[in-house]
Every structure is written in C-alpha cells, then in structure tokens.
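Single-structure report; data block below.
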Amino acid sequence: MADRTSAGILLFRRVRGGDLARGGDLARGGDLARGGRLEVLLGHPGGPFHAGRDLGDWSIPKGEVEPGEELYDVARREFAEETGHEPPDRPAIPLGTIRQKGGKVVHAWALEGDLDPAASVSNMFTMPWPPGSGTMTAFPELDRVAWFTPDEARRRIKEAQAPFVDRLEEALGPR
C-alpha cells in the first residue's frame, strides 16, 4: 500500500506589542525591529475521538493529495476548506516534508497572513456515531483554530509536525 500524502499551510503573523492577543511581554517572544512577536495558526481536529485531547493533537490545516494533484494547490484548497478563509496570495516559504507516526507524508508551506479564529468555519465529515448506532453524524474537520507562539505551538502540535515550526523560525532568521 502506498503512503498517504497530505499538503498544508502554516499561517504565521507578527504581532506588535499593542496587538498581543494573549497579553504578555513582547520581550519574551518577539522583536519589534522585525515587526513583532511571531505566532502560528494551528487547527484542532474535530470529532469525538479528539474532543478531550489537546497537547500534541493540533495540526497545520492540511488535507490528502489525490493522484495528479499539485501539492501546493492542495495545501491552498485544504486551508480554505478547513478554516473558511482563502490563504493569502503572498510568496510561500517551503517547509519541506515530514512523516507522521502512522506513515502519512505531509508537505508544508508557510504564508504570512492573519485571520480571526472566531470567524473560522471548517468543512464537515460524517461518521457513524455513536458506534454501532447506525446513525451518521456530522463533525467539523477542525473544531477550532488558534494562534500560538512557536514555543506553545510545539507543545500543542503533533510531535511529527513540530519541525515545521522550527523550519519557519529558521527561514525567518534570528529574532
């Protein structure tokens, strides 16, 4: 069986001192000369299996690639489907590829942009729930998205995807 392949986008923004969403001290996580503290957008998977999980369960918005599809096109489409927002039309930073525990290969790009997590609406999937009931229930692919500093993102994101955060910081240069 061939490995499953996904493609996604790690949205990032630079938050200035007066704009800090979670409060905090700019000196602890940012650089005004570079435009502010770095934050990345992660999504929490929806559905009953993820309802009580948090640390290590978040992900970049991503989706599976079908044969013949271009990876970056899939990343842009999946970002739009899972957040309800079109990705910014800006130069992308390639973040490379990782392999998750289950064998799925994930390709990622970073884009600078902003969105209001409260205005994010994900597409839905259906599954039999409760098990054995014969009832198909709809759940959002992502039940929420949120902005995190890189350090907090590393705590929240699936372990195999943490290198995407590291690679973004490396690409943006020293803070």
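Residue numbering restarts at 1 in every chain; chains get A, B, ... in the order shown in the structure tokens, and ligands count up from 1 in that same order.
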
Show me, as a list in words, the residues that have an atom within 9 Å of Glu39 of chain A when counting only C-alpha atoms, minus same-chain residues fewer than 2 positions from it. Leu11, Phe12, Arg13, Arg14, Val15, Arg37, Leu41, Trp147, Phe148, Thr149, Pro150 and Ala153 of chain A

If you run DSSP on this backbone, which residues of segment 10-175 of chain A come out as strand (DSSP E or B), and could you give them as a PyMOL selection string? chain A and resi 10-15+30-31+36-45+58-59+62-64+93-99+105-112+124-128+136-140+142-148+157

I'd like the contact shell of Pro91 of chain A - 9 Å cut-off, only C-alpha atoms, skipping same-chain residues fewer than 5 positions apart - returned as a tab-separated table (two decimals) with C-alpha atoms, in the first residue's frame.
```
chain	number	residue	atom	x	y	z
A	110	ALA	CA	4.29	28.88	5.39
A	111	LEU	CA	2.38	32.02	4.43
A	112	GLU	CA	2.26	35.31	6.29
```

Calculated over only C-alpha atoms, which of the candidates A:Asp151, A:Asp114, A:Glu69, A:Asp143 has the smallest distance to Gly52 of chain A?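 Answer, going by the shortest atom-to-atom distance: A:Asp143.
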
What's around Phe139 of chain A at 6 Å? Count only C-alpha atoms, leave out sequence neighbours fewer than 6 positions away in its own chain, and write the answer as a PDB file with C-alpha atoms, in the first residue's frame.
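Output contents, as saved in selection00.pdb:
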```pdb
ATOM      1  CA  GLY A  47     -14.938  14.702  16.025  1.00  0.00           C
ATOM      2  CA  MET A 124     -17.619  18.759   7.749  1.00  0.00           C
ATOM      3  CA  PHE A 125     -17.179  14.994   7.627  1.00  0.00           C
TER       4      PHE A 125
END
```

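Residues within 6 Å of segment 159-167 of chain A, counting only C-alpha atoms and excluding same-chain residues fewer than 4 positions away, are Leu95, Gln100 and Arg154 of chain A.
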
Could you tell me, as a PDB file with C-alpha atoms, in the first residue's frame, which residues of segment 109-161 of chain A DSSP assigns to alpha helix (DSSP H) when given the backbone?
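out.pdb was written with the following content:
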```
ATOM      1  CA  PRO A 150       6.321  28.988  18.465  1.00  0.00           C
ATOM      2  CA  ASP A 151       7.098  27.531  21.905  1.00  0.00           C
ATOM      3  CA  GLU A 152       3.422  26.954  22.698  1.00  0.00           C
ATOM      4  CA  ALA A 153       2.819  25.624  19.175  1.00  0.00           C
ATOM      5  CA  ARG A 154       5.499  22.959  19.738  1.00  0.00           C
ATOM      6  CA  ARG A 155       3.577  21.791  22.832  1.00  0.00           C
ATOM      7  CA  ARG A 156       0.226  21.686  21.024  1.00  0.00           C
TER       8      ARG A 156
END
```

May I have the residues within 12 Å of Asp116 of chain A as a PyMOL selection string, using only C-alpha atoms and disregarding those fewer than 5 positions away in the same chain? chain A and resi 13+21+41+83-85+121+144-147

Please compute the atom CA of Val106 of chain A-atom CA of Ala7 of chain A distance, one decimal, in Å.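 Taking atom CA of Val106 of chain A as the start and atom CA of Ala7 of chain A as the end point, the length is 5.5 Å.
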